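Everything below belongs to target_7.txt, which stores compact mmCIF, C-alpha atoms.
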# COMPACT_ATOMS: atom_id res chain seq x y z
CA MET J 1 1.13 62.62 3.84
CA PHE J 2 -2.11 63.15 1.94
CA ASN J 3 -3.67 64.94 4.89
CA GLU J 4 -1.02 67.65 4.98
CA ILE J 5 -1.18 68.14 1.21
CA ALA J 6 -4.98 68.33 1.23
CA GLU J 7 -5.03 70.82 4.10
CA LEU J 8 -2.51 73.03 2.30
CA ASN J 9 -4.53 72.93 -0.92
CA ALA J 10 -7.75 73.70 0.96
CA ALA J 11 -6.05 76.72 2.53
CA ARG J 12 -4.88 77.87 -0.89
CA LEU J 13 -8.41 77.58 -2.27
CA LYS J 14 -9.75 79.62 0.64
CA ALA J 15 -7.14 82.33 0.00
CA ASN J 16 -7.92 82.46 -3.73
CA ALA J 17 -10.44 85.24 -4.40
CA TYR J 18 -11.44 83.88 -7.79
CA PRO J 19 -10.71 80.28 -8.79
CA GLY J 20 -13.83 80.47 -10.99
CA ARG J 21 -15.77 77.25 -11.51
CA GLY J 22 -14.36 74.13 -9.88
CA ILE J 23 -14.71 70.36 -9.71
CA VAL J 24 -13.56 67.95 -6.99
CA ILE J 25 -13.94 64.18 -7.40
CA GLY J 26 -12.84 61.53 -4.93
CA ALA J 27 -13.86 58.87 -2.40
CA THR J 28 -15.10 58.91 1.17
CA GLN J 29 -12.79 57.60 3.90
CA ASP J 30 -14.69 54.31 4.14
CA GLY J 31 -14.57 53.86 0.37
CA THR J 32 -18.32 53.28 0.06
CA LYS J 33 -19.09 56.43 -1.93
CA LEU J 34 -17.60 58.47 -4.74
CA ALA J 35 -18.14 62.21 -4.51
CA GLN J 36 -18.53 64.92 -7.12
CA ILE J 37 -18.38 68.52 -5.90
CA TYR J 38 -18.96 71.44 -8.27
CA TRP J 39 -19.26 75.18 -7.77
CA ILE J 40 -19.73 78.35 -9.76
CA MET J 41 -18.53 81.86 -9.01
CA GLY J 42 -19.13 85.19 -10.70
CA ARG J 43 -17.81 88.72 -10.99
CA SER J 44 -20.37 90.25 -13.38
CA GLU J 45 -24.08 90.72 -12.68
CA ASN J 46 -24.89 88.23 -15.44
CA SER J 47 -22.63 85.55 -13.95
CA ARG J 48 -23.93 86.12 -10.44
CA ASN J 49 -27.57 85.88 -11.48
CA ARG J 50 -27.76 82.08 -11.19
CA ILE J 51 -28.93 79.23 -9.00
CA PHE J 52 -28.67 75.42 -9.18
CA LEU J 53 -31.83 73.34 -9.50
CA GLU J 54 -32.08 69.54 -9.29
CA GLU J 55 -34.31 67.79 -11.84
CA ASN J 56 -34.68 64.03 -11.38
CA GLY J 57 -31.00 63.49 -10.66
CA PHE J 58 -29.77 66.08 -13.15
CA VAL J 59 -28.71 69.55 -12.02
CA ARG J 60 -29.14 72.64 -14.16
CA THR J 61 -28.34 76.31 -13.77
CA LYS J 62 -31.18 78.81 -13.89
CA ALA J 63 -31.38 82.58 -13.82
CA TYR J 64 -32.37 83.81 -10.38
CA ASP J 65 -33.88 86.97 -11.87
CA ASP J 66 -34.96 86.51 -15.49
CA SER J 67 -35.17 90.27 -16.03
CA LYS J 68 -31.40 90.63 -15.49
CA VAL J 69 -30.27 87.99 -18.02
CA LYS J 70 -27.95 89.52 -20.64
CA ASP J 71 -26.30 86.52 -22.33
CA PRO J 72 -27.45 83.00 -21.36
CA SER J 73 -25.10 81.16 -23.75
CA LEU J 74 -22.30 80.39 -21.28
CA ILE J 75 -24.18 80.53 -17.97
CA ILE J 76 -27.24 78.31 -18.52
CA TYR J 77 -26.40 74.60 -18.81
CA TYR J 78 -26.53 71.24 -17.02
CA PRO J 79 -23.47 70.83 -14.79
CA ALA J 80 -24.53 67.34 -13.72
CA LYS J 81 -26.11 64.44 -15.64
CA PHE J 82 -25.92 60.66 -15.51
CA ILE J 83 -26.61 57.80 -17.88
CA ASN J 84 -26.52 54.22 -16.63
CA GLN J 85 -23.30 53.91 -14.56
CA HIS J 86 -21.77 57.14 -15.92
CA HIS J 87 -21.96 60.29 -13.80
CA ILE J 88 -20.89 63.46 -15.62
CA ILE J 89 -19.97 66.81 -14.10
CA SER J 90 -18.80 69.90 -16.00
CA ASN J 91 -18.72 73.67 -16.19
CA GLY J 92 -20.64 74.02 -19.46
CA ASP J 93 -22.80 72.48 -22.13
CA GLN J 94 -20.11 69.88 -22.80
CA THR J 95 -22.06 67.89 -20.18
CA ASP J 96 -24.58 67.26 -22.96
CA THR J 97 -21.82 66.36 -25.42
CA VAL J 98 -20.37 63.72 -23.09
CA TYR J 99 -23.86 62.42 -22.30
CA ASP J 100 -24.73 62.05 -26.00
CA PHE J 101 -21.44 60.35 -26.88
CA ILE J 102 -21.72 57.85 -24.02
CA ALA J 103 -25.33 57.15 -25.01
CA SER J 104 -24.07 56.24 -28.49
CA GLY J 105 -21.34 53.94 -27.16
CA LYS J 106 -18.45 56.36 -27.51
CA SER J 107 -16.01 57.57 -24.87
CA PHE J 108 -15.42 60.54 -22.58
CA GLU J 109 -12.30 61.39 -24.60
CA ASP J 110 -14.15 61.08 -27.92
CA ALA J 111 -16.74 63.58 -26.72
CA LEU J 112 -14.29 66.19 -25.53
CA ALA J 113 -12.21 65.89 -28.70
CA THR J 114 -15.09 67.74 -30.37
CA ARG J 115 -15.01 70.68 -27.92
CA GLU J 116 -12.55 73.35 -26.87
CA PHE J 117 -12.30 76.25 -24.40
CA GLU J 118 -15.10 78.81 -24.18
CA PRO J 119 -15.15 81.65 -26.75
CA ASP J 120 -15.19 84.40 -24.11
CA THR J 121 -12.36 86.63 -25.34
CA PRO J 122 -9.95 87.50 -23.75
CA ASN J 123 -10.31 84.91 -20.97
CA PHE J 124 -10.91 81.81 -23.12
CA THR J 125 -12.28 80.09 -20.03
CA PRO J 126 -11.22 76.43 -19.85
CA ARG J 127 -13.83 73.71 -20.08
CA ILE J 128 -13.41 71.41 -17.10
CA THR J 129 -15.18 68.05 -17.01
CA GLY J 130 -15.26 65.01 -14.73
CA LEU J 131 -16.57 61.47 -15.03
CA VAL J 132 -17.32 58.70 -12.56
CA GLU J 133 -18.07 55.34 -14.20
CA LEU J 134 -19.08 52.72 -11.68
CA GLY J 135 -17.28 49.49 -12.51
CA GLY J 136 -15.23 51.22 -15.18
CA ARG J 137 -11.55 51.11 -15.95
CA TYR J 138 -10.87 54.20 -13.82
CA ALA J 139 -12.27 55.28 -10.47
CA TYR J 140 -12.75 58.70 -12.03
CA SER J 141 -11.41 61.03 -14.70
CA LEU J 142 -10.90 64.77 -15.04
CA SER J 143 -10.27 66.88 -18.12
CA ILE J 144 -9.40 70.48 -18.90
CA LEU J 145 -9.54 72.03 -22.37
CA LYS J 146 -7.73 75.36 -22.41
CA SER J 147 -6.01 77.80 -24.71
CA GLN J 148 -2.23 77.73 -25.09
CA ASN J 149 -1.15 80.77 -23.06
CA GLY J 150 -4.22 82.73 -24.10
CA ASP J 151 -3.80 82.02 -27.81
CA SER J 152 -7.24 81.34 -29.28
CA GLY J 153 -5.75 79.35 -32.15
CA HIS J 154 -4.36 76.54 -30.01
CA CYS J 155 -6.32 74.24 -27.71
CA VAL J 156 -4.52 72.12 -25.11
CA ARG J 157 -6.46 68.98 -24.10
CA ASN J 158 -5.44 67.44 -20.79
CA PHE J 159 -6.95 64.23 -19.41
CA PHE J 160 -6.24 62.87 -15.94
CA ASN J 161 -7.37 59.30 -15.19
CA TYR J 162 -7.25 57.91 -11.66
CA GLU J 163 -7.27 54.11 -11.48
CA LYS J 164 -7.83 54.01 -7.73
CA ALA J 165 -9.41 56.54 -5.42
CA ILE J 166 -7.54 57.58 -2.27
CA PRO J 167 -9.88 56.98 0.72
CA GLY J 168 -10.88 60.34 2.16
CA TYR J 169 -9.38 62.39 -0.66
CA GLY J 170 -9.98 63.51 -4.20
CA HIS J 171 -8.62 65.75 -6.94
CA MET J 172 -9.61 69.31 -7.75
CA ILE J 173 -9.43 71.30 -10.94
CA HIS J 174 -10.79 74.81 -11.50
CA THR J 175 -10.97 77.26 -14.37
CA TYR J 176 -8.68 80.06 -13.21
CA SER J 177 -5.45 80.02 -11.27
CA GLN J 178 -6.40 83.34 -9.65
CA ASP J 179 -8.21 86.62 -10.23
CA GLY J 180 -6.96 88.87 -13.01
CA ASN J 181 -7.80 90.65 -16.24
CA PRO J 182 -7.70 88.64 -18.38
CA LEU J 183 -8.25 85.68 -16.07
CA PRO J 184 -5.29 83.27 -16.12
CA SER J 185 -6.22 79.63 -16.80
CA PHE J 186 -5.65 76.86 -14.27
CA ASP J 187 -2.15 75.48 -14.66
CA GLY J 188 -0.68 72.08 -13.83
CA GLU J 189 -2.28 68.87 -12.58
CA PRO J 190 -5.41 68.55 -10.41
CA VAL J 191 -4.55 68.91 -6.73
CA ILE J 192 -5.43 66.65 -3.80
CA MET J 193 -8.33 67.82 -1.63
CA PRO J 194 -10.27 66.38 1.31
CA ILE J 195 -13.52 64.49 0.70
CA PRO J 196 -15.99 64.89 3.60
CA LYS J 197 -18.02 61.93 4.85
CA ASP J 198 -21.32 62.88 3.20
CA ALA J 199 -22.96 65.36 0.82
CA LYS J 200 -24.19 67.70 3.57
CA GLU J 201 -20.75 68.02 5.11
CA ALA J 202 -19.23 68.50 1.66
CA VAL J 203 -21.57 71.40 0.88
CA ASP J 204 -20.92 73.00 4.26
CA THR J 205 -17.14 72.54 4.03
CA TYR J 206 -16.55 73.70 0.48
CA TRP J 207 -18.97 76.64 0.64
CA LEU J 208 -16.85 78.10 3.42
CA LEU J 209 -13.68 77.60 1.37
CA LEU J 210 -15.00 79.85 -1.42
CA ASN J 211 -14.71 83.63 -1.45
CA ALA J 212 -17.90 84.98 0.14
CA GLU J 213 -18.31 87.82 -2.35
CA ASN J 214 -17.82 85.75 -5.51
CA ARG J 215 -19.35 82.36 -4.66
CA ILE J 216 -22.74 81.72 -6.30
CA SER J 217 -23.80 78.06 -6.11
CA LEU J 218 -22.36 74.71 -5.09
CA LEU J 219 -23.49 71.09 -5.37
CA ALA J 220 -22.28 67.84 -3.87
CA LYS J 221 -23.28 64.49 -5.35
CA TYR J 222 -22.41 61.32 -3.45
CA ILE J 223 -22.73 58.00 -5.29
CA ASP J 224 -22.85 54.64 -3.50
CA VAL J 225 -20.28 52.40 -5.20
CA LYS J 226 -22.20 49.15 -4.64
CA THR J 227 -25.83 50.19 -5.16
CA GLY J 228 -25.38 53.12 -7.55
CA LYS J 229 -27.78 55.20 -5.47
CA TRP J 230 -26.90 58.87 -5.17
CA GLU J 231 -27.64 61.92 -3.04
CA ILE J 232 -27.39 65.53 -4.18
CA ARG J 233 -27.10 68.56 -1.91
CA ILE J 234 -27.16 72.14 -3.21
CA VAL J 235 -26.50 75.56 -1.74
CA ASN J 236 -27.35 78.80 -3.61
CA LYS J 237 -26.19 82.23 -2.50
CA HIS J 238 -29.42 83.90 -3.61
CA MET J 239 -31.69 81.40 -1.91
CA ASN J 240 -29.67 80.59 1.19
CA ALA J 241 -28.38 84.04 2.11
Would you mind giving the structure from this file in structure tokens?
Amino acid sequence: MFNEIAELNAARLKANAYPGRGIVIGATQDGTKLAQIYWIMGRSENSRNRIFLEENGFVRTKAYDDSKVKDPSLIIYYPAKFINQHHIISNGDQTDTVYDFIASGKSFEDALATREFEPDTPNFTPRITGLVELGGRYAYSLSILKSQNGDSGHCVRNFFNYEKAIPGYGHMIHTYSQDGNPLPSFDGEPVIMPIPKDAKEAVDTYWLLLNAENRISLLAKYIDVKTGKWEIRIVNKHMNA
């Protein structure tokens, strides 16, 4: 059952010209690793002028061409950080918020209660965030903070907690349901997607699912459930073209 659903959702992602930034979290078929997959896309020159760089287990965005940077506020951030057994993935600087709250003994939910969608009128891009906590209450969690039907005065905070991972599958959430002007926010629950056997295959598989014109960078982080060791693979359009 899950295979058919995941294949259908993968086909829908491939047909979607602009899902924006996206997160997939789930488990490998053998259950030994938890995977975090994250990508960015862009329509404007400023959004497309980015690459992912790994720094000691963290991943940050960086301008590919510094001379073309117009507004770094919403495009330069750490999409991936970890602290102890907590592995954080997000589409903005809320990565730092979650990191700081966990470091002080507070929760994922506490951190995101202090944030809301991005102030990029008229899109009000949702903030999407994921967490893997080895040995925690949940296998993984996902969150989306978005405006209520494009109304900047109302923030909807959705949290999705998965107590058990489905071997070979995960859940995906992304910022936009489709291309548009303004861009419509993702709607509904995270959808089931396939989780490849390792980080290399994940990068190769998901890169091909993204629109070739709009895809910019993608990372896959695979975390060994028993040892806590991780592997990160990255592909950048500007550097791998």
- Query: So which residues touch Leu219 in chain J within 9 Å, counting only C-alpha atoms, skipping near sequence neighbours fewer than 6 positions away, as a list in words?
  - Reply: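 Result of the neighbour search: Gln36, Ile37, Tyr38, Trp39, Phe52, Val59, Ala199, Ala202, Val203, Ile232, Arg233, Ile234, Val235 and Asn236 of chain J.
Straight-line separation from CA of Asp100 in chain J to CA of Glu133 in chain J: 15.1 Å.
Going from CA of Glu189 in chain J over to CA of Phe159 in chain J, you cover 9.5 Å.
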- Item | Near-Arg127 in chain J list (7 Å; only C-alpha atoms; drop same-chain fewer than 6 positions) as a VMD selection string | chain J and resid 91 to 92 116 to 118 144 to 146
Could you produce a table of the residues of range 55-155 of chain J lying within 8 Å of range 174-188 of chain J, with the nearest pair of atoms per residue and their separation in Å rounded to one decimal, using only C-alpha atoms, ordered by chain and increasing residue number, as a tab-separated table?
residue	atom	partner	partner_atom	distance
J:Pro122	CA	J:Pro182	CA	5.9
J:Asn123	CA	J:Pro182	CA	5.2
J:Thr125	CA	J:Thr175	CA	6.5
J:Pro126	CA	J:Thr175	CA	5.5
J:Arg127	CA	J:Thr175	CA	7.3
J:Ile128	CA	J:Thr175	CA	6.9
J:Lys146	CA	J:Ser185	CA	7.2
Just need the box for range 235-239 of chain J, edges along x, y and z, holding every atom the file lists for it with 4 Å tacked onto each side, so centre and edge lengths in Å to one decimal, as AutoDock Vina command-line options.
--center_x -28.9 --center_y 79.7 --center_z -2.7 --size_x 13.5 --size_y 16.3 --size_z 9.9
Contact table range 20-113 of chain J vs range 204-216 of chain J, cut-off 8 Å, shortest pair per residue, only C-alpha atoms, as JSON lines:
{"residue": "J:Trp39", "atom": "CA", "partner": "J:Ile216", "partner_atom": "CA", "distance": 7.6}
{"residue": "J:Ile40", "atom": "CA", "partner": "J:Ile216", "partner_atom": "CA", "distance": 5.7}
{"residue": "J:Met41", "atom": "CA", "partner": "J:Arg215", "partner_atom": "CA", "distance": 4.5}
{"residue": "J:Gly42", "atom": "CA", "partner": "J:Asn214", "partner_atom": "CA", "distance": 5.4}
{"residue": "J:Arg43", "atom": "CA", "partner": "J:Asn214", "partner_atom": "CA", "distance": 6.2}
{"residue": "J:Arg48", "atom": "CA", "partner": "J:Ile216", "partner_atom": "CA", "distance": 6.2}
{"residue": "J:Arg50", "atom": "CA", "partner": "J:Ile216", "partner_atom": "CA", "distance": 7.0}
{"residue": "J:Ile51", "atom": "CA", "partner": "J:Ile216", "partner_atom": "CA", "distance": 7.2}
Write a file of the selected residues as a PDB file, keeping the file's coordinate frame, keeping C-alpha atoms.
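Below is the file that was written, part06.pdb:
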ATOM      1  CA  TRP J  39     -19.260  75.180  -7.770  1.00  0.00           C
ATOM      2  CA  ILE J  40     -19.730  78.350  -9.760  1.00  0.00           C
ATOM      3  CA  MET J  41     -18.530  81.860  -9.010  1.00  0.00           C
ATOM      4  CA  GLY J  42     -19.130  85.190 -10.700  1.00  0.00           C
ATOM      5  CA  ARG J  43     -17.810  88.720 -10.990  1.00  0.00           C
ATOM      6  CA  ARG J  48     -23.930  86.120 -10.440  1.00  0.00           C
ATOM      7  CA  ARG J  50     -27.760  82.080 -11.190  1.00  0.00           C
ATOM      8  CA  ILE J  51     -28.930  79.230  -9.000  1.00  0.00           C
TER       9      ILE J  51
END
Please, could N, CA, C and O atoms be added to range 119-141 of chain J and the result written as a PDB file, in the frame of the given file?
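The resulting file, result.pdb, is reproduced below:
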ATOM      1  N   PRO J 119     -15.520  80.539 -25.859  1.00  0.00           N
ATOM      2  CA  PRO J 119     -15.150  81.650 -26.750  1.00  0.00           C
ATOM      3  C   PRO J 119     -15.335  83.019 -26.103  1.00  0.00           C
ATOM      4  O   PRO J 119     -15.791  83.966 -26.750  1.00  0.00           O
ATOM      5  N   ASP J 120     -14.983  83.138 -24.832  1.00  0.00           N
ATOM      6  CA  ASP J 120     -15.190  84.400 -24.110  1.00  0.00           C
ATOM      7  C   ASP J 120     -13.893  85.228 -24.092  1.00  0.00           C
ATOM      8  O   ASP J 120     -13.249  85.385 -23.071  1.00  0.00           O
ATOM      9  N   THR J 121     -13.553  85.782 -25.225  1.00  0.00           N
ATOM     10  CA  THR J 121     -12.360  86.630 -25.340  1.00  0.00           C
ATOM     11  C   THR J 121     -12.396  87.722 -24.259  1.00  0.00           C
ATOM     12  O   THR J 121     -13.433  88.325 -24.018  1.00  0.00           O
ATOM     13  N   PRO J 122     -11.305  88.044 -23.591  1.00  0.00           N
ATOM     14  CA  PRO J 122      -9.950  87.500 -23.750  1.00  0.00           C
ATOM     15  C   PRO J 122      -9.612  86.368 -22.779  1.00  0.00           C
ATOM     16  O   PRO J 122      -8.463  85.955 -22.707  1.00  0.00           O
ATOM     17  N   ASN J 123     -10.614  85.910 -21.995  1.00  0.00           N
ATOM     18  CA  ASN J 123     -10.310  84.910 -20.970  1.00  0.00           C
ATOM     19  C   ASN J 123     -10.139  83.498 -21.528  1.00  0.00           C
ATOM     20  O   ASN J 123      -9.327  82.731 -21.015  1.00  0.00           O
ATOM     21  N   PHE J 124     -10.912  83.172 -22.576  1.00  0.00           N
ATOM     22  CA  PHE J 124     -10.910  81.810 -23.120  1.00  0.00           C
ATOM     23  C   PHE J 124     -11.001  80.795 -21.989  1.00  0.00           C
ATOM     24  O   PHE J 124     -10.135  79.945 -21.799  1.00  0.00           O
ATOM     25  N   THR J 125     -12.080  80.928 -21.213  1.00  0.00           N
ATOM     26  CA  THR J 125     -12.280  80.090 -20.030  1.00  0.00           C
ATOM     27  C   THR J 125     -12.151  78.607 -20.366  1.00  0.00           C
ATOM     28  O   THR J 125     -12.792  78.115 -21.291  1.00  0.00           O
ATOM     29  N   PRO J 126     -11.346  77.874 -19.610  1.00  0.00           N
ATOM     30  CA  PRO J 126     -11.220  76.430 -19.850  1.00  0.00           C
ATOM     31  C   PRO J 126     -12.537  75.704 -19.620  1.00  0.00           C
ATOM     32  O   PRO J 126     -13.356  76.117 -18.791  1.00  0.00           O
ATOM     33  N   ARG J 127     -12.725  74.627 -20.367  1.00  0.00           N
ATOM     34  CA  ARG J 127     -13.830  73.710 -20.080  1.00  0.00           C
ATOM     35  C   ARG J 127     -13.273  72.599 -19.200  1.00  0.00           C
ATOM     36  O   ARG J 127     -12.342  71.896 -19.593  1.00  0.00           O
ATOM     37  N   ILE J 128     -13.846  72.456 -18.017  1.00  0.00           N
ATOM     38  CA  ILE J 128     -13.410  71.410 -17.100  1.00  0.00           C
ATOM     39  C   ILE J 128     -14.551  70.387 -16.970  1.00  0.00           C
ATOM     40  O   ILE J 128     -15.728  70.750 -16.885  1.00  0.00           O
ATOM     41  N   THR J 129     -14.188  69.115 -16.974  1.00  0.00           N
ATOM     42  CA  THR J 129     -15.180  68.050 -17.010  1.00  0.00           C
ATOM     43  C   THR J 129     -14.685  66.870 -16.189  1.00  0.00           C
ATOM     44  O   THR J 129     -13.491  66.573 -16.168  1.00  0.00           O
ATOM     45  N   GLY J 130     -15.606  66.202 -15.498  1.00  0.00           N
ATOM     46  CA  GLY J 130     -15.260  65.010 -14.730  1.00  0.00           C
ATOM     47  C   GLY J 130     -16.220  63.878 -15.011  1.00  0.00           C
ATOM     48  O   GLY J 130     -17.372  64.101 -15.408  1.00  0.00           O
ATOM     49  N   LEU J 131     -15.745  62.653 -14.802  1.00  0.00           N
ATOM     50  CA  LEU J 131     -16.570  61.470 -15.030  1.00  0.00           C
ATOM     51  C   LEU J 131     -16.298  60.419 -13.960  1.00  0.00           C
ATOM     52  O   LEU J 131     -15.141  60.106 -13.664  1.00  0.00           O
ATOM     53  N   VAL J 132     -17.365  59.904 -13.399  1.00  0.00           N
ATOM     54  CA  VAL J 132     -17.320  58.700 -12.560  1.00  0.00           C
ATOM     55  C   VAL J 132     -18.073  57.620 -13.314  1.00  0.00           C
ATOM     56  O   VAL J 132     -19.237  57.812 -13.701  1.00  0.00           O
ATOM     57  N   GLU J 133     -17.412  56.487 -13.569  1.00  0.00           N
ATOM     58  CA  GLU J 133     -18.070  55.340 -14.200  1.00  0.00           C
ATOM     59  C   GLU J 133     -17.971  54.165 -13.244  1.00  0.00           C
ATOM     60  O   GLU J 133     -16.899  53.581 -13.066  1.00  0.00           O
ATOM     61  N   LEU J 134     -19.093  53.819 -12.622  1.00  0.00           N
ATOM     62  CA  LEU J 134     -19.080  52.720 -11.680  1.00  0.00           C
ATOM     63  C   LEU J 134     -18.732  51.424 -12.396  1.00  0.00           C
ATOM     64  O   LEU J 134     -19.343  51.070 -13.409  1.00  0.00           O
ATOM     65  N   GLY J 135     -17.719  50.735 -11.880  1.00  0.00           N
ATOM     66  CA  GLY J 135     -17.280  49.490 -12.510  1.00  0.00           C
ATOM     67  C   GLY J 135     -16.425  49.696 -13.732  1.00  0.00           C
ATOM     68  O   GLY J 135     -16.121  48.731 -14.441  1.00  0.00           O
ATOM     69  N   GLY J 136     -16.026  50.922 -13.993  1.00  0.00           N
ATOM     70  CA  GLY J 136     -15.230  51.220 -15.180  1.00  0.00           C
ATOM     71  C   GLY J 136     -13.748  50.984 -14.968  1.00  0.00           C
ATOM     72  O   GLY J 136     -13.293  50.556 -13.900  1.00  0.00           O
ATOM     73  N   ARG J 137     -12.995  51.305 -15.993  1.00  0.00           N
ATOM     74  CA  ARG J 137     -11.550  51.110 -15.950  1.00  0.00           C
ATOM     75  C   ARG J 137     -10.894  52.015 -14.912  1.00  0.00           C
ATOM     76  O   ARG J 137      -9.932  51.628 -14.253  1.00  0.00           O
ATOM     77  N   TYR J 138     -11.426  53.237 -14.766  1.00  0.00           N
ATOM     78  CA  TYR J 138     -10.870  54.200 -13.820  1.00  0.00           C
ATOM     79  C   TYR J 138     -11.880  54.489 -12.719  1.00  0.00           C
ATOM     80  O   TYR J 138     -13.101  54.426 -12.945  1.00  0.00           O
ATOM     81  N   ALA J 139     -11.374  54.839 -11.545  1.00  0.00           N
ATOM     82  CA  ALA J 139     -12.270  55.280 -10.470  1.00  0.00           C
ATOM     83  C   ALA J 139     -12.971  56.563 -10.886  1.00  0.00           C
ATOM     84  O   ALA J 139     -14.166  56.732 -10.687  1.00  0.00           O
ATOM     85  N   TYR J 140     -12.178  57.468 -11.498  1.00  0.00           N
ATOM     86  CA  TYR J 140     -12.750  58.700 -12.030  1.00  0.00           C
ATOM     87  C   TYR J 140     -11.738  59.371 -12.949  1.00  0.00           C
ATOM     88  O   TYR J 140     -10.549  59.028 -12.954  1.00  0.00           O
ATOM     89  N   SER J 141     -12.248  60.289 -13.747  1.00  0.00           N
ATOM     90  CA  SER J 141     -11.410  61.030 -14.700  1.00  0.00           C
ATOM     91  C   SER J 141     -11.737  62.510 -14.627  1.00  0.00           C
ATOM     92  O   SER J 141     -12.871  62.904 -14.327  1.00  0.00           O
TER      93      SER J 141
END
